[in-house]
$ cat coords_38.txt   # compact mmCIF, C-alpha atoms
# COMPACT_ATOMS: atom_id res chain seq x y z
CA MET F 1 89.39 70.15 60.53
CA SER F 2 88.77 68.72 63.98
CA PHE F 3 89.67 70.53 67.22
CA ASP F 4 92.68 68.24 67.65
CA GLY F 5 93.62 68.83 64.04
CA ILE F 6 93.71 72.56 64.63
CA LEU F 7 95.79 72.09 67.79
CA GLN F 8 98.26 69.88 65.94
CA TRP F 9 98.50 72.35 63.06
CA LEU F 10 99.08 75.22 65.51
CA GLU F 11 101.83 73.28 67.23
CA SER F 12 103.57 72.58 63.92
CA THR F 13 103.74 76.20 62.75
CA PRO F 14 107.34 77.50 62.50
CA ILE F 15 106.83 80.04 65.28
CA ALA F 16 105.39 77.43 67.67
CA VAL F 17 108.29 75.07 66.91
CA ALA F 18 110.79 77.89 67.52
CA ILE F 19 109.22 78.58 70.94
CA SER F 20 109.07 74.96 72.05
CA GLU F 21 112.57 74.06 70.82
CA GLY F 22 114.46 77.21 71.79
CA ASP F 23 115.90 77.57 75.28
CA ALA F 24 115.11 81.18 76.08
CA LEU F 25 111.99 82.00 74.07
CA PHE F 26 109.47 80.17 76.27
CA PRO F 27 110.74 81.62 79.58
CA LEU F 28 110.93 85.07 78.00
CA LEU F 29 107.34 84.89 76.72
CA GLU F 30 106.23 83.51 80.06
CA ALA F 31 107.78 86.44 81.93
CA ILE F 32 106.13 88.89 79.52
CA HIS F 33 102.82 87.07 80.00
CA VAL F 34 103.07 87.25 83.80
CA LEU F 35 104.00 90.93 83.65
CA ALA F 36 101.08 91.72 81.34
CA ILE F 37 98.64 89.69 83.45
CA THR F 38 99.68 91.40 86.68
CA MET F 39 99.09 94.74 84.94
CA VAL F 40 95.66 93.64 83.65
CA VAL F 41 94.55 92.23 87.00
CA GLY F 42 96.07 95.04 89.04
CA SER F 43 94.42 97.76 86.99
CA ILE F 44 91.08 95.93 87.11
CA LEU F 45 91.45 95.61 90.89
CA ILE F 46 91.82 99.40 91.13
CA VAL F 47 88.39 99.70 89.48
CA ASP F 48 86.87 96.83 91.49
CA LEU F 49 88.07 98.29 94.78
CA ARG F 50 86.54 101.63 93.77
CA LEU F 51 83.25 99.92 92.90
CA VAL F 52 83.02 98.22 96.29
CA GLY F 53 84.08 101.45 98.01
CA LEU F 54 87.51 100.44 99.32
CA ALA F 55 89.78 102.68 97.22
CA SER F 56 89.80 106.00 95.35
CA ASN F 57 86.51 106.87 97.06
CA GLY F 58 87.03 110.59 96.63
CA ARG F 59 87.08 110.18 92.85
CA LYS F 60 84.25 109.54 90.42
CA VAL F 61 84.06 105.97 89.08
CA GLU F 62 84.01 107.47 85.60
CA ARG F 63 87.35 109.19 86.15
CA VAL F 64 88.96 106.12 87.73
CA LEU F 65 87.83 104.12 84.69
CA GLY F 66 89.23 106.76 82.37
CA GLU F 67 92.70 106.71 83.91
CA VAL F 68 92.89 102.92 84.31
CA LEU F 69 91.23 101.34 81.26
CA PRO F 70 93.82 102.36 78.61
CA LEU F 71 96.37 100.56 80.77
CA THR F 72 94.11 97.52 81.17
CA TRP F 73 93.49 97.16 77.44
CA SER F 74 97.05 97.66 76.30
CA ALA F 75 98.28 95.15 78.88
CA PHE F 76 95.48 92.77 77.85
CA ALA F 77 96.66 92.92 74.24
CA VAL F 78 100.17 91.95 75.36
CA ALA F 79 98.83 89.18 77.61
CA ALA F 80 96.64 87.78 74.80
CA CYS F 81 99.47 87.78 72.22
CA SER F 82 102.06 86.26 74.55
CA GLY F 83 99.44 83.79 75.80
CA LEU F 84 98.57 82.71 72.26
CA LEU F 85 102.25 82.12 71.47
CA LEU F 86 102.74 80.09 74.65
CA PHE F 87 99.58 78.12 73.85
CA ALA F 88 100.75 77.42 70.29
CA SER F 89 104.04 75.95 71.51
CA LYS F 90 102.19 73.13 73.35
CA ALA F 91 98.73 73.46 71.81
CA VAL F 92 97.71 69.80 72.17
CA THR F 93 98.74 69.65 75.83
CA TYR F 94 97.11 72.97 76.79
CA GLY F 95 94.04 72.26 74.66
CA HIS F 96 93.34 69.18 76.79
CA ASN F 97 94.28 70.69 80.16
CA ALA F 98 91.21 71.09 82.39
CA PHE F 99 92.63 74.16 84.17
CA PHE F 100 93.48 75.90 80.92
CA LEU F 101 89.90 75.37 79.71
CA ARG F 102 88.51 76.62 83.04
CA LYS F 103 90.73 79.67 82.77
CA MET F 104 89.24 80.46 79.34
CA VAL F 105 85.68 80.04 80.67
CA LEU F 106 86.39 82.34 83.63
CA LEU F 107 87.98 84.86 81.27
CA ALA F 108 84.83 84.86 79.14
CA LEU F 109 82.70 85.32 82.29
CA ALA F 110 84.89 88.26 83.39
CA GLY F 111 84.32 89.79 79.95
CA ILE F 112 80.55 89.31 80.25
CA ASN F 113 80.57 90.81 83.77
CA MET F 114 82.39 93.85 82.39
CA LEU F 115 80.00 94.20 79.44
CA VAL F 116 76.93 93.96 81.66
CA PHE F 117 78.36 96.61 83.94
CA HIS F 118 79.29 98.93 81.08
CA LEU F 119 76.09 98.55 79.08
CA VAL F 120 73.41 97.98 81.70
CA THR F 121 74.01 98.40 85.42
CA GLY F 122 76.90 100.87 85.26
CA ARG F 123 75.10 103.53 83.25
CA ASP F 124 73.80 105.43 86.24
CA ILE F 125 77.00 104.83 88.26
CA ALA F 126 78.94 106.97 85.84
CA VAL F 127 76.87 109.99 86.80
CA SER F 128 76.85 109.24 90.53
CA SER F 129 79.07 111.68 92.35
CA ALA F 130 82.33 111.15 94.16
CA GLY F 131 82.34 110.29 97.82
CA THR F 132 78.91 108.67 97.86
CA ALA F 133 78.34 105.04 98.80
CA PRO F 134 78.44 102.86 95.68
CA PRO F 135 75.08 101.41 94.59
CA PRO F 136 74.53 97.65 95.11
CA ALA F 137 74.90 96.89 91.39
CA ALA F 138 78.41 98.37 91.44
CA LYS F 139 79.35 96.32 94.48
CA VAL F 140 78.07 93.14 92.84
CA ALA F 141 80.05 93.88 89.66
CA GLY F 142 83.20 94.63 91.68
CA VAL F 143 83.02 91.53 93.86
CA THR F 144 82.16 89.29 90.88
CA SER F 145 85.13 90.67 88.99
CA MET F 146 87.53 90.10 91.90
CA VAL F 147 86.33 86.50 92.39
CA LEU F 148 86.64 85.76 88.65
CA TRP F 149 90.14 87.21 88.36
CA PHE F 150 91.28 85.28 91.42
CA GLY F 151 90.01 82.17 89.64
CA ILE F 152 91.72 83.11 86.37
CA VAL F 153 95.11 83.59 88.02
CA ALA F 154 94.65 80.42 90.11
CA CYS F 155 93.76 78.33 87.03
CA GLY F 156 96.73 79.81 85.19
CA ARG F 157 99.00 78.76 88.03
CA TRP F 158 97.43 75.30 88.18
CA VAL F 159 98.07 74.78 84.47
CA GLY F 160 101.79 74.92 85.23
CA PHE F 161 101.43 72.17 87.82
CA THR F 162 99.27 69.80 85.77
CA LEU F 163 101.17 69.56 82.47
CA HIS F 164 102.38 66.11 81.51
CA MET B 1 132.52 77.06 100.41
CA ARG B 2 131.24 80.61 100.73
CA PHE B 3 127.57 79.78 101.19
CA HIS B 4 128.04 76.59 103.14
CA TRP B 5 125.89 77.86 106.02
CA LEU B 6 123.12 78.75 103.56
CA PHE B 7 123.10 75.18 102.19
CA GLN B 8 122.88 73.82 105.72
CA PHE B 9 120.09 76.26 106.56
CA CYS B 10 118.13 75.15 103.47
CA ALA B 11 118.68 71.49 104.32
CA TRP B 12 117.44 72.17 107.84
CA ILE B 13 114.26 73.98 106.64
CA ASP B 14 113.69 71.23 104.10
CA GLN B 15 113.28 68.52 106.75
CA THR B 16 111.02 70.53 109.13
CA PRO B 17 107.47 69.16 109.43
CA LEU B 18 106.06 72.42 108.00
CA SER B 19 108.21 72.22 104.86
CA GLN B 20 107.42 68.52 104.46
CA TRP B 21 103.71 69.30 104.75
CA ILE B 22 103.87 72.06 102.12
CA GLN B 23 105.80 69.75 99.79
CA ALA B 24 103.37 66.86 100.29
CA ALA B 25 100.18 68.89 99.81
CA GLY B 26 100.25 69.69 96.10
CA TRP B 27 97.71 72.51 96.33
CA ILE B 28 99.55 74.82 98.73
CA VAL B 29 102.27 76.09 96.39
CA PRO B 30 99.98 77.02 93.45
CA LEU B 31 97.42 78.59 95.82
CA VAL B 32 100.03 80.68 97.61
CA GLN B 33 101.58 81.62 94.26
CA THR B 34 98.13 82.84 93.17
CA VAL B 35 97.91 85.11 96.24
CA HIS B 36 101.48 86.25 95.55
CA ILE B 37 100.66 87.14 91.92
CA LEU B 38 97.49 89.05 92.89
CA ALA B 39 99.43 91.07 95.47
CA VAL B 40 102.12 91.76 92.85
CA ALA B 41 99.34 92.93 90.53
CA MET B 42 98.23 95.52 93.09
CA VAL B 43 101.79 96.77 93.62
CA LEU B 44 102.53 96.99 89.90
CA SER B 45 99.33 98.79 88.93
CA SER B 46 99.66 101.22 91.85
CA ALA B 47 103.31 101.99 91.05
CA THR B 48 102.30 102.48 87.40
CA MET B 49 99.54 104.95 88.32
CA ILE B 50 101.98 106.91 90.50
CA ALA B 51 104.65 106.96 87.76
CA LEU B 52 102.09 108.00 85.12
CA ARG B 53 100.79 110.84 87.30
CA LEU B 54 104.27 112.12 88.12
CA ALA B 55 105.12 111.92 84.41
CA GLY B 56 102.13 114.17 83.80
CA LEU B 57 100.19 111.61 81.78
CA ILE B 58 97.08 110.89 83.89
CA ALA B 59 94.86 112.44 86.58
CA LEU B 60 96.16 115.95 85.91
CA ASP B 61 93.16 117.40 87.73
CA GLU B 62 94.48 115.85 90.95
CA THR B 63 97.65 116.92 92.79
CA PRO B 64 100.57 114.46 92.63
CA ARG B 65 100.41 114.20 96.39
CA ARG B 66 96.76 113.13 96.31
CA VAL B 67 97.39 110.54 93.62
CA VAL B 68 100.31 109.10 95.58
CA ALA B 69 98.19 109.06 98.75
CA ARG B 70 95.46 107.27 96.80
CA PHE B 71 97.74 104.49 95.51
CA VAL B 72 100.64 104.10 97.93
CA PRO B 73 98.58 102.10 100.49
CA PHE B 74 98.06 99.57 97.68
CA ILE B 75 101.84 99.16 97.54
CA TRP B 76 102.42 98.82 101.32
CA TRP B 77 99.51 96.47 102.17
CA PRO B 78 100.15 93.98 99.37
CA LEU B 79 103.82 93.94 100.41
CA ILE B 80 102.73 92.36 103.70
CA ALA B 81 100.80 89.69 101.76
CA LEU B 82 103.85 89.25 99.52
CA ALA B 83 106.16 88.74 102.49
CA GLY B 84 103.78 86.19 104.01
CA SER B 85 103.13 84.25 100.82
CA GLY B 86 106.82 84.50 99.84
CA LEU B 87 107.82 83.05 103.19
CA VAL B 88 105.52 80.05 102.69
CA LEU B 89 107.06 79.45 99.24
CA ILE B 90 110.58 79.65 100.73
CA VAL B 91 109.72 77.17 103.48
CA GLY B 92 108.21 74.84 100.87
CA GLU B 93 111.21 74.96 98.54
CA PRO B 94 114.13 76.59 100.42
CA GLY B 95 116.86 75.53 98.01
CA ARG B 96 114.96 76.67 94.93
CA GLU B 97 114.68 80.18 96.38
CA LEU B 98 117.46 81.04 98.83
CA LEU B 99 120.28 79.47 96.83
CA ASN B 100 119.05 80.97 93.57
CA PRO B 101 121.05 84.00 92.32
CA ILE B 102 117.91 85.36 90.66
CA PHE B 103 116.04 85.20 93.98
CA GLN B 104 118.94 86.95 95.72
CA ALA B 105 118.97 89.69 93.09
CA LYS B 106 115.20 89.98 93.47
CA MET B 107 115.55 90.67 97.21
CA VAL B 108 118.16 93.40 96.62
CA LEU B 109 115.90 95.04 94.01
CA LEU B 110 112.98 94.78 96.44
CA LEU B 111 114.88 96.76 99.08
CA LEU B 112 115.69 99.33 96.42
CA ALA B 113 112.04 99.62 95.32
CA ILE B 114 110.82 99.99 98.91
CA THR B 115 113.43 102.67 99.67
CA ALA B 116 112.60 104.59 96.49
CA THR B 117 108.84 104.44 97.17
CA ARG B 118 109.36 105.67 100.72
CA TRP B 119 111.61 108.47 99.43
CA LEU B 120 108.93 109.50 96.93
CA THR B 121 106.17 109.83 99.53
CA VAL B 122 108.41 111.62 102.03
CA SER B 123 109.74 114.03 99.39
CA LEU B 124 106.26 114.90 98.19
CA ASN B 125 105.12 115.62 101.73
CA ASP B 126 108.29 117.61 102.54
CA GLU B 127 108.02 119.79 99.50
CA THR B 128 104.43 120.50 100.37
CA ALA B 129 105.28 121.34 103.97
CA SER B 130 108.30 123.53 103.32
CA GLY B 131 106.98 125.04 100.10
CA THR B 132 110.33 124.83 98.28
CA GLN B 133 108.70 126.02 95.10
CA PRO B 134 106.73 129.12 96.06
CA GLY B 135 103.42 129.37 94.31
CA SER B 136 103.53 125.80 93.10
CA PRO B 137 105.06 123.32 95.56
CA ALA B 138 105.43 119.92 93.98
CA GLY B 139 102.98 118.27 96.33
CA THR B 140 100.09 120.71 96.27
CA GLY B 141 100.47 122.23 92.82
CA LEU B 142 99.89 120.30 89.63
CA ALA B 143 103.56 120.44 88.54
CA VAL B 144 106.10 117.76 89.46
CA ALA B 145 109.81 118.16 90.21
CA PRO B 146 111.93 116.30 87.60
CA SER B 147 113.72 114.31 90.32
CA LEU B 148 110.41 112.91 91.59
CA ARG B 149 109.36 112.05 88.06
CA ALA B 150 112.65 110.24 87.41
CA VAL B 151 112.52 108.29 90.67
CA ALA B 152 108.90 107.23 90.07
CA THR B 153 109.75 105.93 86.59
CA ALA B 154 112.89 104.18 87.84
CA THR B 155 110.90 102.58 90.67
CA LEU B 156 108.35 101.24 88.20
CA LEU B 157 111.16 99.74 86.12
CA ILE B 158 112.56 98.09 89.26
CA TRP B 159 109.15 96.51 89.99
CA VAL B 160 109.00 95.25 86.40
CA THR B 161 112.46 93.72 86.78
CA ILE B 162 111.41 92.12 90.07
CA ILE B 163 108.41 90.49 88.37
CA PHE B 164 110.61 89.20 85.54
CA ALA B 165 113.07 87.86 88.11
CA GLY B 166 110.22 86.18 89.99
CA ARG B 167 109.23 84.18 86.91
CA TRP B 168 112.86 83.38 86.06
CA ILE B 169 113.60 81.83 89.45
CA ALA B 170 112.08 78.69 87.96
CA TYR B 171 114.73 78.56 85.24
CA PHE B 172 117.91 78.96 87.29

$ encode --input "coords_38.txt" --output "structure tokens"
Amino acid sequence: MSFDGILQWLESTPIAVAISEGDALFPLLEAIHVLAITMVVGSILIVDLRLVGLASNGRKVERVLGEVLPLTWSAFAVAACSGLLLFASKAVTYGHNAFFLRKMVLLALAGINMLVFHLVTGRDIAVSSAGTAPPPAAKVAGVTSMVLWFGIVACGRWVGFTLH
Amino acid sequence: MRFHWLFQFCAWIDQTPLSQWIQAAGWIVPLVQTVHILAVAMVLSSATMIALRLAGLIALDETPRRVVARFVPFIWWPLIALAGSGLVLIVGEPGRELLNPIFQAKMVLLLLAITATRWLTVSLNDETASGTQPGSPAGTGLAVAPSLRAVATATLLIWVTIIFAGRWIAYF
């Protein structure tokens, strides 16, 4: 099946039809999606601001991660599910929208940035003590994350203004 | 008509050069909305951390007062960005916002959330200063007074409602 074939199939599933034809379902899912995204981005910003040394400086990075990440991941699950449902309701349109595709690329890059930090550069940050200046690698990861999430939210907003 | 003056006010904003410029430049509204959403993200996550700490679910090794002090600046500062970006959006589309019952409800809830947040910080500091609970004042000890816990949770729910309302302005 071609990419367009998959999009058309997705759009024709009963749940996608229910979302696109109902009056309240799309706005409801959209509100849930926005709420979940603000929680994802906000909780990630708490970590990013700690990494660049602008917030929670008296607390170990490790501990900030521990209190924030469960929130980030549960909100991300909600954002992904609601996002998938919204996508399905207009799959062909979204699938060909340049800003939607950019948003997905930026999302993947944010994931890679997080993985690199967790697996490579962040290893020694976890043991670094509270109150000390963050190492350059942490600052780079924090700034990169903030730039990427700004882009993700911006692309998401632009999708809404470029649908035909 | 009850809101006649509000209609006239919107019509007046609508024809100002600034409003016309915002309307004509297609990139301003989505860009400002992006800033607005990011500021909302900071407020929501900070209010959540405060509510979770006061509910006794996270950062139990830190006093409630410290956790609130750590996160409350990230409610106040983004609020300034929210007021600024919100104002630009109002000037760009005055009728869509000011005449919208959802927007009006959102503003009332906002006042409520600000008042509750202020009350929370002041109460925590007061209890610490006066030591109303000898041995373990709410602010310095690890325990939290039930009233503070309830207000923090209610405040978080108000923020959630505000965010819902923000998205639903588009549909009313």

$ residues_around --input "coords_38.txt" --residues "range 138-150 of chain F" --least-positions-apart "3" --cutoff "8 Å" --atoms "all atoms listed in the file" --output "ChimeraX atom specification"
/F:41,45,47-49,51-53,106-107,109-110,113-114,117,121-122,125,134-135,153-154 /B:34,38

$ write_last_selection --input "coords_38.txt" --atoms "C-alpha atoms" --output "PDB file, in the coordinates of the input"
ATOM      1  CA  VAL F  41      94.550  92.230  87.000  1.00  0.00           C
ATOM      2  CA  LEU F  45      91.450  95.610  90.890  1.00  0.00           C
ATOM      3  CA  VAL F  47      88.390  99.700  89.480  1.00  0.00           C
ATOM      4  CA  ASP F  48      86.870  96.830  91.490  1.00  0.00           C
ATOM      5  CA  LEU F  49      88.070  98.290  94.780  1.00  0.00           C
ATOM      6  CA  LEU F  51      83.250  99.920  92.900  1.00  0.00           C
ATOM      7  CA  VAL F  52      83.020  98.220  96.290  1.00  0.00           C
ATOM      8  CA  GLY F  53      84.080 101.450  98.010  1.00  0.00           C
ATOM      9  CA  LEU F 106      86.390  82.340  83.630  1.00  0.00           C
ATOM     10  CA  LEU F 107      87.980  84.860  81.270  1.00  0.00           C
ATOM     11  CA  LEU F 109      82.700  85.320  82.290  1.00  0.00           C
ATOM     12  CA  ALA F 110      84.890  88.260  83.390  1.00  0.00           C
ATOM     13  CA  ASN F 113      80.570  90.810  83.770  1.00  0.00           C
ATOM     14  CA  MET F 114      82.390  93.850  82.390  1.00  0.00           C
ATOM     15  CA  PHE F 117      78.360  96.610  83.940  1.00  0.00           C
ATOM     16  CA  THR F 121      74.010  98.400  85.420  1.00  0.00           C
ATOM     17  CA  GLY F 122      76.900 100.870  85.260  1.00  0.00           C
ATOM     18  CA  ILE F 125      77.000 104.830  88.260  1.00  0.00           C
ATOM     19  CA  PRO F 134      78.440 102.860  95.680  1.00  0.00           C
ATOM     20  CA  PRO F 135      75.080 101.410  94.590  1.00  0.00           C
ATOM     21  CA  VAL F 153      95.110  83.590  88.020  1.00  0.00           C
ATOM     22  CA  ALA F 154      94.650  80.420  90.110  1.00  0.00           C
TER      23      ALA F 154
ATOM     24  CA  THR B  34      98.130  82.840  93.170  1.00  0.00           C
ATOM     25  CA  LEU B  38      97.490  89.050  92.890  1.00  0.00           C
TER      26      LEU B  38
END

$ closest_residue --input "coords_38.txt" --among "B:Leu18, B:Ile90, B:Val29, B:Cys10" --to "chain F" --atoms "all atoms listed in the file"
B:Val29

$ residues_around --input "coords_38.txt" --residues "Val68 in chain B" --least-positions-apart "2" --cutoff "9 Å" --atoms "only C-alpha atoms" --output "JSON, numbers by chain"
{"B": [46, 47, 49, 50, 53, 54, 63, 64, 65, 66, 70, 71, 72, 73, 120, 121, 124]}

$ write_last_selection --input "coords_38.txt" --atoms "C-alpha atoms" --output "short mmCIF file (atom, residue, chain, number, x, y, z; two decimals), in the frame of the given file"
data_model
loop_
_atom_site.label_atom_id
_atom_site.label_comp_id
_atom_site.auth_asym_id
_atom_site.auth_seq_id
_atom_site.Cartn_x
_atom_site.Cartn_y
_atom_site.Cartn_z
CA SER B 46 99.66 101.22 91.85
CA ALA B 47 103.31 101.99 91.05
CA MET B 49 99.54 104.95 88.32
CA ILE B 50 101.98 106.91 90.50
CA ARG B 53 100.79 110.84 87.30
CA LEU B 54 104.27 112.12 88.12
CA THR B 63 97.65 116.92 92.79
CA PRO B 64 100.57 114.46 92.63
CA ARG B 65 100.41 114.20 96.39
CA ARG B 66 96.76 113.13 96.31
CA ARG B 70 95.46 107.27 96.80
CA PHE B 71 97.74 104.49 95.51
CA VAL B 72 100.64 104.10 97.93
CA PRO B 73 98.58 102.10 100.49
CA LEU B 120 108.93 109.50 96.93
CA THR B 121 106.17 109.83 99.53
CA LEU B 124 106.26 114.90 98.19
#

$ interface_residues --input "coords_38.txt" --of "chain F" --to "chain B" --cutoff "10 Å" --atoms "only C-alpha atoms" --output "PyMOL selection string"
chain F and resi 24+27-28+30-46+55-59+63-64+66-68+71-72+149-161

$ residues_near_point --input "coords_38.txt" --point "(99.6, 88.3, 98.5)" --cutoff "6 Å" --atoms "all atoms listed in the file" --output "JSON list (two decimals) with C-alpha atoms, keeping the file's coordinate frame"
[["chain", "number", "residue", "atom", "x", "y", "z"],
["B", 35, "VAL", "CA", 97.91, 85.11, 96.24],
["B", 36, "HIS", "CA", 101.48, 86.25, 95.55],
["B", 39, "ALA", "CA", 99.43, 91.07, 95.47],
["B", 78, "PRO", "CA", 100.15, 93.98, 99.37],
["B", 81, "ALA", "CA", 100.80, 89.69, 101.76],
["B", 82, "LEU", "CA", 103.85, 89.25, 99.52],
["B", 85, "SER", "CA", 103.13, 84.25, 100.82]]

$ residues_around --input "coords_38.txt" --residues "range 106-114 of chain B" --least-positions-apart "2" --cutoff "7 Å" --atoms "all atoms listed in the file" --output "compact mmCIF listing (two decimals) with C-alpha atoms, in the frame of the given file"
# COMPACT_ATOMS: atom_id res chain seq x y z
CA ILE B 102 117.91 85.36 90.66
CA PHE B 103 116.04 85.20 93.98
CA GLN B 104 118.94 86.95 95.72
CA ALA B 116 112.60 104.59 96.49
CA THR B 117 108.84 104.44 97.17
CA ARG B 118 109.36 105.67 100.72
CA THR B 155 110.90 102.58 90.67
CA ILE B 158 112.56 98.09 89.26
CA TRP B 159 109.15 96.51 89.99
CA ILE B 162 111.41 92.12 90.07
CA ALA B 165 113.07 87.86 88.11

$ closest_residue --input "coords_38.txt" --among "B:Leu148, B:Leu60, B:Leu157, B:Val91" --to "Trp12 in chain B" --atoms "all atoms listed in the file"
B:Val91

$ closest_residue --input "coords_38.txt" --among "F:Ala18, F:Ile6, F:Met104, F:Leu29" --to "Ala79 in chain F" --atoms "only C-alpha atoms"
F:Leu29

$ closest_residue --input "coords_38.txt" --among "F:Ser2, F:Ser89, F:Ser82, F:Ser74" --to "Glu21 in chain F" --atoms "all atoms listed in the file"
F:Ser89

$ atom_distance --input "coords_38.txt" --atom1 "CA of Leu98 in chain B" --atom2 "CA of Ile28 in chain B"
19.0 Å

$ atom_distance --input "coords_38.txt" --atom1 "CA of Glu62 in chain F" --atom2 "CA of Arg50 in chain F"
10.4 Å

$ closest_residue --input "coords_38.txt" --among "F:His118, F:Arg102, F:His96, F:Lys90" --to "Trp9 in chain F" --atoms "only C-alpha atoms"
F:Lys90

$ closest_residue --input "coords_38.txt" --among "B:Pro146, B:Pro101, B:Gly95, B:Gly84" --to "Gly56 in chain B" --atoms "all atoms listed in the file"
B:Pro146

$ atom_distance --input "coords_38.txt" --atom1 "CA of Ser123 in chain B" --atom2 "CA of Leu79 in chain B"
21.0 Å

$ residues_around --input "coords_38.txt" --residues "Ile19 in chain F" --least-positions-apart "5" --cutoff "8 Å" --atoms "all atoms listed in the file" --output "list in words"
Leu25, Phe26, Leu85, Leu86 and Ser89 of chain F

$ axis_aligned_box --input "coords_38.txt" --around "range 102-113 of chain F" --padding-each-side "8 Å" --output "JSON"
{"center_x": 85.6, "center_y": 83.7, "center_z": 81.5, "size_x": 26.2, "size_y": 30.2, "size_z": 20.6}

$ build_atoms --input "coords_38.txt" --residues "range 77-92 of chain F" --atoms "N, CA, C and O atoms" --output "compact mmCIF listing (two decimals), in the frame of the given file"
# COMPACT_ATOMS: atom_id res chain seq x y z
N ALA F 77 96.19 93.28 75.59
CA ALA F 77 96.66 92.92 74.24
C ALA F 77 97.98 92.16 74.32
O ALA F 77 98.16 91.14 73.64
N VAL F 78 98.88 92.63 75.19
CA VAL F 78 100.17 91.95 75.36
C VAL F 78 99.97 90.56 75.96
O VAL F 78 100.58 89.57 75.52
N ALA F 79 99.09 90.47 76.96
CA ALA F 79 98.83 89.18 77.61
C ALA F 79 98.22 88.18 76.61
O ALA F 79 98.59 87.00 76.59
N ALA F 80 97.31 88.66 75.76
CA ALA F 80 96.64 87.78 74.80
C ALA F 80 97.65 87.29 73.75
O ALA F 80 97.68 86.08 73.43
N CYS F 81 98.48 88.18 73.24
CA CYS F 81 99.47 87.78 72.22
C CYS F 81 100.49 86.81 72.79
O CYS F 81 100.76 85.75 72.20
N SER F 82 101.06 87.16 73.96
CA SER F 82 102.06 86.26 74.55
C SER F 82 101.41 84.94 74.94
O SER F 82 102.00 83.87 74.78
N GLY F 83 100.17 85.01 75.42
CA GLY F 83 99.44 83.79 75.80
C GLY F 83 99.19 82.89 74.60
O GLY F 83 99.37 81.67 74.67
N LEU F 84 98.83 83.49 73.48
CA LEU F 84 98.57 82.71 72.26
C LEU F 84 99.85 82.01 71.81
O LEU F 84 99.83 80.83 71.41
N LEU F 85 100.97 82.72 71.88
CA LEU F 85 102.25 82.12 71.47
C LEU F 85 102.64 80.97 72.39
O LEU F 85 103.09 79.91 71.93
N LEU F 86 102.45 81.17 73.70
CA LEU F 86 102.74 80.09 74.65
C LEU F 86 101.84 78.89 74.38
O LEU F 86 102.28 77.74 74.39
N PHE F 87 100.56 79.17 74.13
CA PHE F 87 99.58 78.12 73.85
C PHE F 87 100.01 77.33 72.61
O PHE F 87 100.01 76.10 72.61
N ALA F 88 100.39 78.07 71.55
CA ALA F 88 100.75 77.42 70.29
C ALA F 88 101.90 76.44 70.46
O ALA F 88 101.92 75.37 69.85
N SER F 89 102.85 76.79 71.36
CA SER F 89 104.04 75.95 71.51
C SER F 89 103.73 74.57 72.07
O SER F 89 104.48 73.63 71.87
N LYS F 90 102.60 74.45 72.81
CA LYS F 90 102.19 73.13 73.35
C LYS F 90 100.67 73.02 73.20
O LYS F 90 99.97 72.68 74.17
N ALA F 91 100.18 73.31 72.01
CA ALA F 91 98.73 73.46 71.81
C ALA F 91 97.95 72.21 72.22
O ALA F 91 96.90 72.32 72.86
N VAL F 92 98.45 71.03 71.87
CA VAL F 92 97.71 69.80 72.17
C VAL F 92 97.60 69.60 73.68
O VAL F 92 96.53 69.29 74.21
